[in-house]
file my_file11.pdb (PDB, C-alpha atoms and all ligand atoms)
MODEL        1
ATOM      1  CA  MET F  27      22.036  16.675 -49.494
ATOM      2  CA  SER F  28      24.428  13.752 -49.817
ATOM      3  CA  SER F  29      22.981  10.415 -50.900
ATOM      4  CA  PRO F  30      23.740   7.344 -48.767
ATOM      5  CA  THR F  31      26.689   5.231 -49.892
ATOM      6  CA  PRO F  32      25.372   2.048 -51.493
ATOM      7  CA  THR F  33      26.447  -1.075 -49.575
ATOM      8  CA  PRO F  34      25.618  -4.345 -51.311
ATOM      9  CA  ALA F  35      24.122  -7.175 -49.241
ATOM     10  CA  GLY F  36      26.846  -9.374 -47.798
ATOM     11  CA  PHE F  37      29.287  -6.464 -47.567
ATOM     12  CA  ASN F  38      30.998  -5.758 -44.229
ATOM     13  CA  PRO F  39      31.617  -1.985 -43.909
ATOM     14  CA  LEU F  40      33.474  -2.196 -40.559
ATOM     15  CA  PHE F  41      36.930  -0.640 -40.711
ATOM     16  CA  PRO F  42      39.582  -2.836 -39.074
ATOM     17  CA  VAL F  43      42.300  -1.162 -37.017
ATOM     18  CA  PHE F  44      44.827  -2.388 -34.447
ATOM     19  CA  LEU F  45      44.591  -0.010 -31.505
ATOM     20  CA  LYS F  46      47.348   0.781 -29.032
ATOM     21  CA  LEU F  47      44.715   0.402 -26.344
ATOM     22  CA  GLU F  48      47.183   0.920 -23.504
ATOM     23  CA  GLN F  49      47.473   4.548 -24.659
ATOM     24  CA  PHE F  50      43.772   5.074 -23.923
ATOM     25  CA  ARG F  51      41.589   4.918 -20.820
ATOM     26  CA  VAL F  52      38.848   2.334 -20.727
ATOM     27  CA  LEU F  53      35.721   2.311 -18.570
ATOM     28  CA  LEU F  54      33.926  -1.016 -18.061
ATOM     29  CA  VAL F  55      30.468  -0.808 -16.494
ATOM     30  CA  GLY F  56      29.334  -4.198 -15.191
ATOM     31  CA  GLY F  57      31.261  -6.813 -13.278
ATOM     32  CA  GLY F  58      29.324 -10.042 -13.978
ATOM     33  CA  ASN F  59      29.774 -12.685 -16.682
ATOM     34  CA  VAL F  60      29.742 -10.341 -19.651
ATOM     35  CA  GLY F  61      31.992  -7.821 -17.859
ATOM     36  CA  LEU F  62      34.423 -10.678 -17.236
ATOM     37  CA  GLU F  63      34.354 -11.652 -20.933
ATOM     38  CA  LYS F  64      35.078  -8.079 -22.029
ATOM     39  CA  LEU F  65      37.920  -7.636 -19.520
ATOM     40  CA  THR F  66      39.378 -10.987 -20.580
ATOM     41  CA  ALA F  67      39.340  -9.885 -24.223
ATOM     42  CA  ILE F  68      40.991  -6.541 -23.375
ATOM     43  CA  LEU F  69      43.738  -8.086 -21.230
ATOM     44  CA  ARG F  70      44.449 -10.958 -23.610
ATOM     45  CA  SER F  71      45.427  -8.520 -26.343
ATOM     46  CA  SER F  72      46.508  -5.422 -24.417
ATOM     47  CA  PRO F  73      47.441  -6.329 -20.819
ATOM     48  CA  ALA F  74      48.910  -2.902 -19.998
ATOM     49  CA  THR F  75      45.604  -1.096 -20.562
ATOM     50  CA  ALA F  76      44.234   1.155 -17.812
ATOM     51  CA  VAL F  77      40.695  -0.086 -17.111
ATOM     52  CA  THR F  78      38.265   1.341 -14.578
ATOM     53  CA  VAL F  79      35.577  -1.167 -13.621
ATOM     54  CA  VAL F  80      32.373   0.218 -12.089
ATOM     55  CA  ALA F  81      29.651  -2.197 -10.970
ATOM     56  CA  THR F  82      27.169  -2.563  -8.153
ATOM     57  CA  TRP F  83      28.558  -6.105  -7.765
ATOM     58  CA  ILE F  84      31.935  -7.382  -8.942
ATOM     59  CA  SER F  85      32.243 -11.139  -9.316
ATOM     60  CA  PRO F  86      35.034 -13.075  -7.584
ATOM     61  CA  ALA F  87      36.191 -14.295 -11.025
ATOM     62  CA  LEU F  88      36.622 -10.714 -12.266
ATOM     63  CA  ARG F  89      38.479  -9.778  -9.061
ATOM     64  CA  THR F  90      40.821 -12.738  -9.545
ATOM     65  CA  LEU F  91      41.421 -11.836 -13.182
ATOM     66  CA  ALA F  92      42.140  -8.174 -12.338
ATOM     67  CA  ALA F  93      44.388  -8.827  -9.313
ATOM     68  CA  PRO F  94      47.780  -9.092 -11.124
ATOM     69  CA  TYR F  95      47.182  -5.964 -13.232
ATOM     70  CA  PRO F  96      48.198  -2.715 -11.487
ATOM     71  CA  ARG F  97      46.372  -0.511 -14.025
ATOM     72  CA  ILE F  98      42.920  -1.952 -13.312
ATOM     73  CA  ARG F  99      40.830  -0.143 -10.735
ATOM     74  CA  LEU F 100      37.668  -1.674  -9.284
ATOM     75  CA  HIS F 101      34.782   0.405  -7.891
ATOM     76  CA  GLU F 102      31.877  -1.509  -6.405
ATOM     77  CA  ARG F 103      29.034   0.999  -6.654
ATOM     78  CA  PRO F 104      26.355   2.134  -9.148
ATOM     79  CA  PHE F 105      27.421   3.841 -12.385
ATOM     80  CA  GLN F 106      27.268   7.634 -12.443
ATOM     81  CA  GLU F 107      27.732   9.824 -15.505
ATOM     82  CA  THR F 108      30.852  11.451 -14.087
ATOM     83  CA  ASP F 109      32.537   8.015 -14.427
ATOM     84  CA  LEU F 110      32.809   8.800 -18.152
ATOM     85  CA  GLU F 111      35.120  11.708 -17.431
ATOM     86  CA  ASN F 112      38.753  11.078 -18.361
ATOM     87  CA  HIS F 113      37.921   7.953 -20.377
ATOM     88  CA  ASP F 114      38.146   7.305 -24.120
ATOM     89  CA  PHE F 115      36.243   4.021 -24.494
ATOM     90  CA  VAL F 116      33.342   2.585 -22.551
ATOM     91  CA  PHE F 117      32.027  -0.974 -22.408
ATOM     92  CA  ALA F 118      28.461  -1.267 -21.115
ATOM     93  CA  ALA F 119      28.094  -4.801 -19.763
ATOM     94  CA  THR F 120      25.352  -4.706 -17.164
ATOM     95  CA  ASP F 121      21.985  -6.487 -17.121
ATOM     96  CA  ASP F 122      20.104  -3.181 -17.475
ATOM     97  CA  PRO F 123      19.222  -2.123 -21.061
ATOM     98  CA  VAL F 124      17.814   1.223 -19.890
ATOM     99  CA  LEU F 125      21.118   2.027 -18.184
ATOM    100  CA  HIS F 126      22.928   0.954 -21.381
ATOM    101  CA  ARG F 127      20.985   3.489 -23.447
ATOM    102  CA  ARG F 128      21.812   6.182 -20.869
ATOM    103  CA  ILE F 129      25.504   5.272 -20.949
ATOM    104  CA  LYS F 130      25.553   5.276 -24.749
ATOM    105  CA  ALA F 131      23.878   8.707 -25.002
ATOM    106  CA  ALA F 132      26.107  10.295 -22.353
ATOM    107  CA  ALA F 133      29.253   8.710 -23.830
ATOM    108  CA  THR F 134      28.449   9.903 -27.352
ATOM    109  CA  ALA F 135      27.777  13.423 -26.038
ATOM    110  CA  ARG F 136      31.269  13.375 -24.491
ATOM    111  CA  GLY F 137      32.979  11.901 -27.546
ATOM    112  CA  LEU F 138      33.708   8.445 -26.112
ATOM    113  CA  LEU F 139      33.407   5.309 -28.249
ATOM    114  CA  THR F 140      31.007   2.714 -26.884
ATOM    115  CA  ASN F 141      30.559  -1.049 -26.993
ATOM    116  CA  VAL F 142      27.202  -2.151 -25.608
ATOM    117  CA  ALA F 143      27.216  -5.875 -24.865
ATOM    118  CA  ASP F 144      24.828  -7.855 -27.035
ATOM    119  CA  THR F 145      23.356  -4.722 -28.658
ATOM    120  CA  PRO F 146      25.012  -4.197 -32.059
ATOM    121  CA  ALA F 147      22.823  -1.181 -32.902
ATOM    122  CA  GLU F 148      24.203   0.701 -29.878
ATOM    123  CA  CYS F 149      27.880  -0.160 -30.571
ATOM    124  CA  ASP F 150      30.423   2.212 -32.148
ATOM    125  CA  PHE F 151      32.783  -0.756 -32.439
ATOM    126  CA  TYR F 152      32.642  -4.526 -32.089
ATOM    127  CA  LEU F 153      35.137  -6.893 -30.564
ATOM    128  CA  SER F 154      36.571  -9.566 -32.813
ATOM    129  CA  SER F 155      37.767 -13.127 -32.484
ATOM    130  CA  VAL F 156      41.523 -12.966 -32.188
ATOM    131  CA  VAL F 157      44.181 -15.421 -33.345
ATOM    132  CA  GLN F 158      47.597 -14.818 -31.769
ATOM    133  CA  LYS F 159      50.910 -16.452 -32.669
ATOM    134  CA  GLY F 160      53.637 -14.289 -31.213
ATOM    135  CA  ASP F 161      53.734 -11.028 -33.151
ATOM    136  CA  LEU F 162      51.119 -12.302 -35.588
ATOM    137  CA  LYS F 163      47.575 -11.272 -34.740
ATOM    138  CA  ILE F 164      44.510 -11.923 -36.879
ATOM    139  CA  ALA F 165      41.193 -10.285 -35.983
ATOM    140  CA  ILE F 166      37.995 -11.829 -37.362
ATOM    141  CA  SER F 167      34.684 -10.052 -37.901
ATOM    142  CA  THR F 168      31.477 -11.556 -39.258
ATOM    143  CA  ASN F 169      29.830  -8.113 -39.176
ATOM    144  CA  GLY F 170      27.869  -9.371 -36.176
ATOM    145  CA  LYS F 171      26.245 -12.113 -38.266
ATOM    146  CA  SER F 172      27.620 -15.013 -36.248
ATOM    147  CA  PRO F 173      30.085 -14.657 -33.352
ATOM    148  CA  THR F 174      29.985 -18.445 -33.160
ATOM    149  CA  VAL F 175      31.387 -18.771 -36.684
ATOM    150  CA  ALA F 176      34.064 -16.191 -35.760
ATOM    151  CA  LYS F 177      34.968 -18.343 -32.746
ATOM    152  CA  ARG F 178      35.139 -21.491 -34.917
ATOM    153  CA  LEU F 179      37.322 -19.749 -37.485
ATOM    154  CA  ARG F 180      39.642 -18.595 -34.724
ATOM    155  CA  ALA F 181      39.982 -22.167 -33.480
ATOM    156  CA  MET F 182      40.602 -23.390 -37.025
ATOM    157  CA  LEU F 183      43.328 -20.817 -37.653
ATOM    158  CA  GLU F 184      44.914 -21.412 -34.244
ATOM    159  CA  GLU F 185      45.121 -25.104 -35.105
ATOM    160  CA  THR F 186      46.227 -24.843 -38.725
ATOM    161  CA  LEU F 187      48.623 -21.885 -38.689
ATOM    162  CA  PRO F 188      52.050 -23.260 -37.791
ATOM    163  CA  ASP F 189      53.733 -22.023 -34.600
ATOM    164  CA  GLU F 190      56.821 -21.438 -36.754
ATOM    165  CA  LEU F 191      55.042 -18.394 -38.242
ATOM    166  CA  ASP F 192      56.391 -16.288 -35.419
ATOM    167  CA  THR F 193      59.935 -17.484 -36.168
ATOM    168  CA  VAL F 194      59.338 -16.483 -39.795
ATOM    169  CA  LEU F 195      58.274 -13.004 -38.659
ATOM    170  CA  GLN F 196      61.355 -12.601 -36.463
ATOM    171  CA  GLN F 197      63.637 -13.740 -39.300
ATOM    172  CA  MET F 198      61.891 -11.484 -41.808
ATOM    173  CA  THR F 199      62.567  -8.527 -39.524
ATOM    174  CA  VAL F 200      66.284  -9.320 -39.717
ATOM    175  CA  ILE F 201      66.175  -9.831 -43.502
ATOM    176  CA  ARG F 202      64.202  -6.586 -43.909
ATOM    177  CA  GLY F 203      66.962  -4.713 -42.120
ATOM    178  CA  GLN F 204      69.686  -6.270 -44.269
ATOM    179  CA  ILE F 205      68.299  -5.978 -47.820
ATOM    180  CA  ARG F 206      69.751  -3.053 -49.715
ATOM    181  CA  GLY F 207      68.448  -1.205 -52.771
ATOM    182  CA  ASP F 208      65.506   1.033 -53.558
ATOM    183  CA  PHE F 209      61.980   0.405 -52.282
ATOM    184  CA  ALA F 210      60.832  -1.534 -55.377
ATOM    185  CA  ALA F 211      63.885  -3.827 -55.263
ATOM    186  CA  LYS F 212      63.346  -4.489 -51.552
ATOM    187  CA  VAL F 213      59.688  -5.405 -52.103
ATOM    188  CA  LYS F 214      60.707  -7.756 -54.924
ATOM    189  CA  SER F 215      63.286  -9.510 -52.746
ATOM    190  CA  LEU F 216      60.904  -9.834 -49.801
ATOM    191  CA  ASN F 217      58.197 -11.270 -52.071
ATOM    192  CA  ALA F 218      60.711 -13.773 -53.488
ATOM    193  CA  VAL F 219      61.847 -14.895 -50.019
ATOM    194  CA  THR F 220      58.255 -15.482 -48.870
ATOM    195  CA  ALA F 221      56.769 -16.970 -52.082
ATOM    196  CA  GLU F 222      56.825 -20.531 -50.703
ATOM    197  CA  LEU F 223      54.693 -19.594 -47.684
ATOM    198  CA  THR F 224      51.405 -19.544 -49.598
ATOM    199  CA  GLY F 225      51.844 -23.122 -50.808
ATOM    200  CA  GLY F 226      51.362 -22.274 -54.491
ATOM    201  CA  PRO F 227      48.254 -21.404 -56.522
ATOM    202  CA  ALA F 228      46.675 -24.890 -56.576
ATOM    203  CA  TYR F 229      47.166 -25.609 -52.877
ATOM    204  CA  GLU F 230      44.081 -26.311 -50.771
ATOM    205  CA  SER F 231      44.552 -27.170 -47.108
ATOM    206  CA  PRO F 232      42.466 -29.931 -45.469
ATOM    207  CA  ALA F 233      40.736 -27.239 -43.364
ATOM    208  CA  THR F 234      39.699 -25.329 -46.508
ATOM    209  CA  ARG F 235      38.237 -28.521 -47.959
ATOM    210  CA  ARG F 236      36.286 -29.135 -44.731
ATOM    211  CA  TRP F 237      34.813 -25.587 -44.684
ATOM    212  CA  ARG F 238      33.880 -25.807 -48.367
ATOM    213  CA  ARG F 239      32.018 -29.063 -47.751
ATOM    214  CA  VAL F 240      30.087 -27.591 -44.796
ATOM    215  CA  ALA F 241      29.278 -24.354 -46.632
ATOM    216  CA  THR F 242      27.850 -26.201 -49.623
ATOM    217  CA  GLY F 243      24.996 -27.914 -47.891
ATOM    218  CA  SER F 244      25.498 -29.849 -44.712
ATOM    219  CA  LEU F 245      25.319 -26.750 -42.440
ATOM    220  CA  LEU F 246      21.893 -25.734 -43.763
ATOM    221  CA  ALA F 247      20.663 -29.344 -43.570
ATOM    222  CA  LEU F 248      21.878 -29.669 -39.981
ATOM    223  CA  GLY F 249      20.429 -26.244 -39.089
ATOM    224  CA  ALA F 250      17.021 -27.354 -40.411
ATOM    225  CA  VAL F 251      17.117 -30.511 -38.278
ATOM    226  CA  VAL F 252      18.062 -28.487 -35.177
ATOM    227  CA  ALA F 253      15.315 -25.914 -35.877
ATOM    228  CA  VAL F 254      12.648 -28.643 -36.248
ATOM    229  CA  ALA F 255      13.819 -30.369 -33.042
ATOM    230  CA  TRP F 256      13.754 -26.985 -31.221
ATOM    231  CA  ARG F 257      10.157 -26.239 -32.356
ATOM    232  CA  LYS F 258       8.974 -29.658 -31.112
ATOM    233  CA  ARG F 259      10.272 -28.970 -27.543
TER     234      ARG F 259
HETATM  235  C1  LIG W   1      34.014 -12.364 -31.312
HETATM  236  C2  LIG W   1      33.534 -12.144 -29.889
HETATM  237  C3  LIG W   1      34.556 -11.223 -29.235
HETATM  238  C4  LIG W   1      34.372 -11.000 -27.753
HETATM  239  O1  LIG W   1      33.234 -10.771 -27.268
HETATM  240  O2  LIG W   1      35.435 -11.039 -27.099
HETATM  241  C5  LIG W   1      32.138 -11.574 -29.976
HETATM  242  N1  LIG W   1      31.245 -12.433 -29.486
HETATM  243  C6  LIG W   1      31.837 -13.590 -29.073
HETATM  244  C7  LIG W   1      31.155 -14.758 -28.677
HETATM  245  C8  LIG W   1      29.737 -14.929 -28.593
HETATM  246  N2  LIG W   1      28.830 -13.939 -28.421
HETATM  247  C9  LIG W   1      27.574 -14.501 -28.353
HETATM  248  C10 LIG W   1      27.703 -15.916 -28.440
HETATM  249  C11 LIG W   1      26.537 -16.898 -28.348
HETATM  250  C12 LIG W   1      26.218 -17.530 -29.675
HETATM  251  C13 LIG W   1      25.842 -16.587 -30.824
HETATM  252  O3  LIG W   1      24.916 -15.772 -30.670
HETATM  253  O4  LIG W   1      26.499 -16.701 -31.878
HETATM  254  C14 LIG W   1      29.054 -16.174 -28.630
HETATM  255  C15 LIG W   1      29.744 -17.515 -28.844
HETATM  256  C16 LIG W   1      30.129 -18.200 -27.579
HETATM  257  O5  LIG W   1      30.185 -17.572 -26.506
HETATM  258  O6  LIG W   1      30.383 -19.397 -27.685
HETATM  259  C17 LIG W   1      26.325 -13.768 -28.110
HETATM  260  C18 LIG W   1      26.094 -12.494 -28.843
HETATM  261  N3  LIG W   1      27.061 -11.630 -29.271
HETATM  262  C19 LIG W   1      26.460 -10.557 -29.860
HETATM  263  C20 LIG W   1      25.039 -10.716 -29.726
HETATM  264  C21 LIG W   1      23.990  -9.696 -30.129
HETATM  265  C22 LIG W   1      23.430  -9.908 -31.464
HETATM  266  O7  LIG W   1      23.952 -10.704 -32.297
HETATM  267  O8  LIG W   1      22.397  -9.258 -31.744
HETATM  268  C23 LIG W   1      24.821 -11.960 -29.111
HETATM  269  C24 LIG W   1      23.490 -12.621 -28.806
HETATM  270  C25 LIG W   1      23.151 -12.450 -27.322
HETATM  271  C26 LIG W   1      21.805 -13.065 -26.969
HETATM  272  O9  LIG W   1      21.350 -13.977 -27.654
HETATM  273  O10 LIG W   1      21.228 -12.556 -25.986
HETATM  274  C27 LIG W   1      27.120  -9.451 -30.461
HETATM  275  C28 LIG W   1      28.475  -9.300 -30.737
HETATM  276  N4  LIG W   1      29.423 -10.210 -30.399
HETATM  277  C29 LIG W   1      30.616  -9.819 -30.946
HETATM  278  C30 LIG W   1      31.860 -10.369 -30.629
HETATM  279  C31 LIG W   1      30.433  -8.687 -31.896
HETATM  280  C32 LIG W   1      30.329  -9.229 -33.326
HETATM  281  C33 LIG W   1      31.557 -10.042 -33.767
HETATM  282  C34 LIG W   1      31.382 -10.577 -35.153
HETATM  283  O11 LIG W   1      31.346  -9.757 -36.091
HETATM  284  O12 LIG W   1      31.278 -11.793 -35.335
HETATM  285  C35 LIG W   1      29.087  -8.108 -31.430
HETATM  286  C36 LIG W   1      28.199  -7.575 -32.549
HETATM  287  C37 LIG W   1      29.288  -6.933 -30.481
HETATM  288  C38 LIG W   1      30.319  -7.166 -29.396
HETATM  289  O13 LIG W   1      29.978  -7.853 -28.410
HETATM  290  O14 LIG W   1      31.445  -6.625 -29.518
HETATM  291  C39 LIG W   1      33.316 -13.473 -29.093
HETATM  292  C40 LIG W   1      34.022 -14.723 -29.660
HETATM  293  C41 LIG W   1      35.397 -14.835 -29.020
HETATM  294  C42 LIG W   1      36.116 -16.061 -29.427
HETATM  295  O15 LIG W   1      35.964 -17.083 -28.749
HETATM  296  O16 LIG W   1      36.875 -15.985 -30.386
HETATM  297  N1  LIG W   2      26.122 -14.259 -19.270
HETATM  298  C1  LIG W   2      26.143 -14.477 -20.544
HETATM  299  O1  LIG W   2      26.971 -15.235 -21.053
HETATM  300  C2  LIG W   2      25.142 -13.751 -21.425
HETATM  301  C3  LIG W   2      24.924 -14.207 -22.714
HETATM  302  C4  LIG W   2      24.053 -13.501 -23.548
HETATM  303  C5  LIG W   2      23.412 -12.383 -23.055
HETATM  304  N2  LIG W   2      23.613 -11.960 -21.788
HETATM  305  C6  LIG W   2      22.947 -10.739 -21.327
HETATM  306  O2  LIG W   2      23.938  -9.762 -20.998
HETATM  307  C7  LIG W   2      23.542  -9.020 -19.840
HETATM  308  C8  LIG W   2      24.590  -9.101 -18.744
HETATM  309  O3  LIG W   2      24.722 -10.453 -18.356
HETATM  310  P1  LIG W   2      25.669 -10.921 -17.179
HETATM  311  O4  LIG W   2      25.634 -12.421 -17.173
HETATM  312  O5  LIG W   2      26.990 -10.252 -17.260
HETATM  313  O6  LIG W   2      24.868 -10.382 -15.910
HETATM  314  P2  LIG W   2      25.352 -10.381 -14.420
HETATM  315  O7  LIG W   2      24.114 -10.350 -13.574
HETATM  316  O8  LIG W   2      26.372 -11.439 -14.174
HETATM  317  O9  LIG W   2      26.106  -8.978 -14.282
HETATM  318  C9  LIG W   2      25.441  -7.762 -14.373
HETATM  319  C10 LIG W   2      26.390  -6.705 -13.832
HETATM  320  O10 LIG W   2      25.812  -5.440 -14.023
HETATM  321  C11 LIG W   2      26.048  -4.687 -12.856
HETATM  322  N3  LIG W   2      25.092  -3.587 -12.742
HETATM  323  C12 LIG W   2      23.737  -3.637 -12.782
HETATM  324  N4  LIG W   2      23.239  -2.385 -12.613
HETATM  325  C13 LIG W   2      24.287  -1.551 -12.468
HETATM  326  C14 LIG W   2      24.420  -0.151 -12.268
HETATM  327  N5  LIG W   2      23.358   0.658 -12.166
HETATM  328  N6  LIG W   2      25.665   0.371 -12.183
HETATM  329  C15 LIG W   2      26.755  -0.423 -12.267
HETATM  330  N7  LIG W   2      26.684  -1.760 -12.451
HETATM  331  C16 LIG W   2      25.464  -2.299 -12.552
HETATM  332  C17 LIG W   2      25.916  -5.701 -11.731
HETATM  333  O11 LIG W   2      26.499  -5.208 -10.539
HETATM  334  C18 LIG W   2      26.703  -6.852 -12.340
HETATM  335  O12 LIG W   2      28.073  -6.691 -12.118
HETATM  336  C19 LIG W   2      22.197  -9.594 -19.410
HETATM  337  O13 LIG W   2      21.206  -8.732 -19.949
HETATM  338  C20 LIG W   2      22.139 -10.952 -20.060
HETATM  339  O14 LIG W   2      20.816 -11.333 -20.341
HETATM  340  C21 LIG W   2      24.462 -12.634 -20.964
ENDMDL
END

call {"tool": "encode", "arguments": {"input": "my_file11.pdb", "output": "structure tokens", "more": "lines below"}}
Ligand SMILES: C[C@@]1(CC(=O)O)C2=NC(=C\c3[nH]c(c(CCC(=O)O)c3CC(=O)O)Cc3[nH]c(c(CC(=O)O)c3CCC(=O)O)/C=C3\N/C(=C\2)[C@@H](CCC(=O)O)[C@]3(C)CC(=O)O)/[C@H]1CCC(=O)O
Ligand SMILES: NC(=O)c1ccc[n+]([C@@H]2O[C@H](COP(=O)([O-])OP(=O)(O)OC[C@H]3O[C@@H](n4cnc5c(N)ncnc54)[C@H](O)[C@@H]3O)[C@@H](O)[C@H]2O)c1
result
Amino acid sequence: MSSPTPTPAGFNPLFPVFLKLEQFRVLLVGGGNVGLEKLTAILRSSPATAVTVVATWISPALRTLAAPYPRIRLHERPFQETDLENHDFVFAATDDPVLHRRIKAAATARGLLTNVADTPAECDFYLSSVVQKGDLKIAISTNGKSPTVAKRLRAMLEETLPDELDTVLQQMTVIRGQIRGDFAAKVKSLNAVTAELTGGPAYESPATRRWRRVATGSLLALGAVVAVAWRKR
């Protein structure tokens, strides 16, 4: 019998990948607020993805979002297990936890990967907060501990990472194609060209200073005040 792999507290074991989602078929069950959030996340990163939406009711907002995308199909009717056929991923985003457990079990039996909205224990994968600057994409996971912190970090990175980063990436692609020599020499040259980007070993951005200050006290103090105020309601 194999012993479980030890994972220290505060360790995030999720494996990050960047999927070519448009090469897969996605089923989204639920067409309300959460369904809209999931479809928004899918289309923001991978707008060419084929998504089948099945829901007893599909909101006008989701219809509006889907309208310009030819690879999204909408079916306004109850979910049935055969909907899983010919799909690779399924998002369960209804208001029915019993249905979610049914979807998860049937999807797993068929080898599909599942994301069950607001139910981490039933998810095979989580969505992340995503920073995009042209070709640069940064995905943030808090291991489900605080999506709100992930959202705040995204906003911070969107604000502090310079828009010129994409220009840097485009120029680096050209330089990469032009540098000659063996692999080690190329890596050395590319490291030399980009050394200035990190700002040097002693550099601390204003945003880093702000997060350090919050992490070392004021967040817990504020949280305690909010918790006390909440209990008094
Ligand atoms: C990143 C993002 C991607 C996206 O969804 O696109 C995302 N949640 C986002 C926002 C958000 N979600 C929630 C709030 C309300 C405040 C709060 O609870 O913090 C806010 C903030 C807001 O809306 O302002 C509610 C919530 N979410 C989950 C639970 C269940 C639980 O924790 O048990 C509950 C409680 C529901 C309840 O109370 O009933 C669970 C998950 N949410 C995840 C992803 C996965 C973990 C990601 C990670 O590791 O951090 C995971 C595990 C599964 C998944 O959904 O994939 C997106 C930010 C996009 C952006 O703006 O950048
Ligand atoms: N709205 C939010 O921002 C939010 C936040 C946290 C948690 N939640 C929870 O997430 C769940 C979903 O919330 P919502 O706001 O998207 O609900 P919603 O009522 O807007 O949408 C529910 C969707 O599920 C569909 N549905 C229900 N039964 C179905 C079936 N048998 N087959 C196919 N589709 C079916 C409905 O047609 C509808 O499209 C709820 O349990 C809610 O408590 C929602």

call {"tool": "resolve_selection", "arguments": {"input": "my_file11.pdb", "expression": "the PyMOL selection byres (((chain F and resi 163) around 12) and not hetatm)", "output": "PyMOL selection string"}}
result
chain F and resi 43-44+70-72+154-162+164-166+180+183-184+187+191-192+195

call {"tool": "axis_aligned_box", "arguments": {"input": "my_file11.pdb", "around": "ligand LIG 1 (chain W)", "padding_each_side": "8 Å", "output": "lines of an AutoDock Vina configuration file"}}
result
center_x = 29.1
center_y = -13.0
center_z = -31.0
size_x = 31.6
size_y = 28.8
size_z = 26.1

call {"tool": "atom_distance", "arguments": {"input": "my_file11.pdb", "atom1": "atom O7 of ligand LIG 1 (chain W)", "atom2": "atom CA of F:Ser85"}}
result
24.4 Å

call {"tool": "closest_atom_pairs", "arguments": {"input": "my_file11.pdb", "of": "chain F", "to": "ligand LIG 2 (chain W)", "cutoff": "6 Å", "atoms": "only C-alpha atoms and all ligand atoms", "output": "Markdown table"}}
result
| residue | atom | partner | partner_atom | distance |
| --- | --- | --- | --- | --- |
| F:Val55 | CA | W:LIG2 | N7 | 5.6 |
| F:Gly56 | CA | W:LIG2 | O10 | 3.9 |
| F:Gly57 | CA | W:LIG2 | O12 | 3.4 |
| F:Gly58 | CA | W:LIG2 | O8 | 3.3 |
| F:Asn59 | CA | W:LIG2 | O5 | 3.7 |
| F:Val60 | CA | W:LIG2 | O5 | 3.6 |
| F:Gly61 | CA | W:LIG2 | O5 | 5.6 |
| F:Val80 | CA | W:LIG2 | C15 | 5.7 |
| F:Ala81 | CA | W:LIG2 | N7 | 3.3 |
| F:Thr82 | CA | W:LIG2 | O11 | 3.6 |
| F:Trp83 | CA | W:LIG2 | O11 | 3.6 |
| F:Ile84 | CA | W:LIG2 | O12 | 5.0 |
| F:Pro104 | CA | W:LIG2 | N6 | 3.6 |
| F:Phe105 | CA | W:LIG2 | N6 | 3.9 |
| F:Ala119 | CA | W:LIG2 | C8 | 5.6 |
| F:Thr120 | CA | W:LIG2 | O10 | 3.3 |
| F:Asp121 | CA | W:LIG2 | O13 | 3.7 |
| F:Asp122 | CA | W:LIG2 | N4 | 5.8 |

call {"tool": "residues_around", "arguments": {"input": "my_file11.pdb", "residues": "F:Arg136", "least_positions_apart": "2", "cutoff": "12 Å", "atoms": "only C-alpha atoms", "output": "PDB file with C-alpha atoms, keeping the file's coordinate frame"}}
result
ATOM      1  CA  GLU F 107      27.732   9.824 -15.505  1.00  0.00           C
ATOM      2  CA  THR F 108      30.852  11.451 -14.087  1.00  0.00           C
ATOM      3  CA  ASP F 109      32.537   8.015 -14.427  1.00  0.00           C
ATOM      4  CA  LEU F 110      32.809   8.800 -18.152  1.00  0.00           C
ATOM      5  CA  GLU F 111      35.120  11.708 -17.431  1.00  0.00           C
ATOM      6  CA  ASN F 112      38.753  11.078 -18.361  1.00  0.00           C
ATOM      7  CA  HIS F 113      37.921   7.953 -20.377  1.00  0.00           C
ATOM      8  CA  ASP F 114      38.146   7.305 -24.120  1.00  0.00           C
ATOM      9  CA  PHE F 115      36.243   4.021 -24.494  1.00  0.00           C
ATOM     10  CA  VAL F 116      33.342   2.585 -22.551  1.00  0.00           C
ATOM     11  CA  ILE F 129      25.504   5.272 -20.949  1.00  0.00           C
ATOM     12  CA  LYS F 130      25.553   5.276 -24.749  1.00  0.00           C
ATOM     13  CA  ALA F 131      23.878   8.707 -25.002  1.00  0.00           C
ATOM     14  CA  ALA F 132      26.107  10.295 -22.353  1.00  0.00           C
ATOM     15  CA  ALA F 133      29.253   8.710 -23.830  1.00  0.00           C
ATOM     16  CA  THR F 134      28.449   9.903 -27.352  1.00  0.00           C
ATOM     17  CA  LEU F 138      33.708   8.445 -26.112  1.00  0.00           C
ATOM     18  CA  LEU F 139      33.407   5.309 -28.249  1.00  0.00           C
ATOM     19  CA  THR F 140      31.007   2.714 -26.884  1.00  0.00           C
TER      20      THR F 140
END

call {"tool": "closest_residue", "arguments": {"input": "my_file11.pdb", "among": "F:Leu62, F:Ala221, F:Leu91, F:Leu47", "to": "ligand LIG 1 (chain W)", "atoms": "all atoms listed in the file"}}
result
F:Leu62

call {"tool": "atom_distance", "arguments": {"input": "my_file11.pdb", "atom1": "atom CA of F:Val254", "atom2": "atom CA of F:Ala241"}}
result
20.1 Å
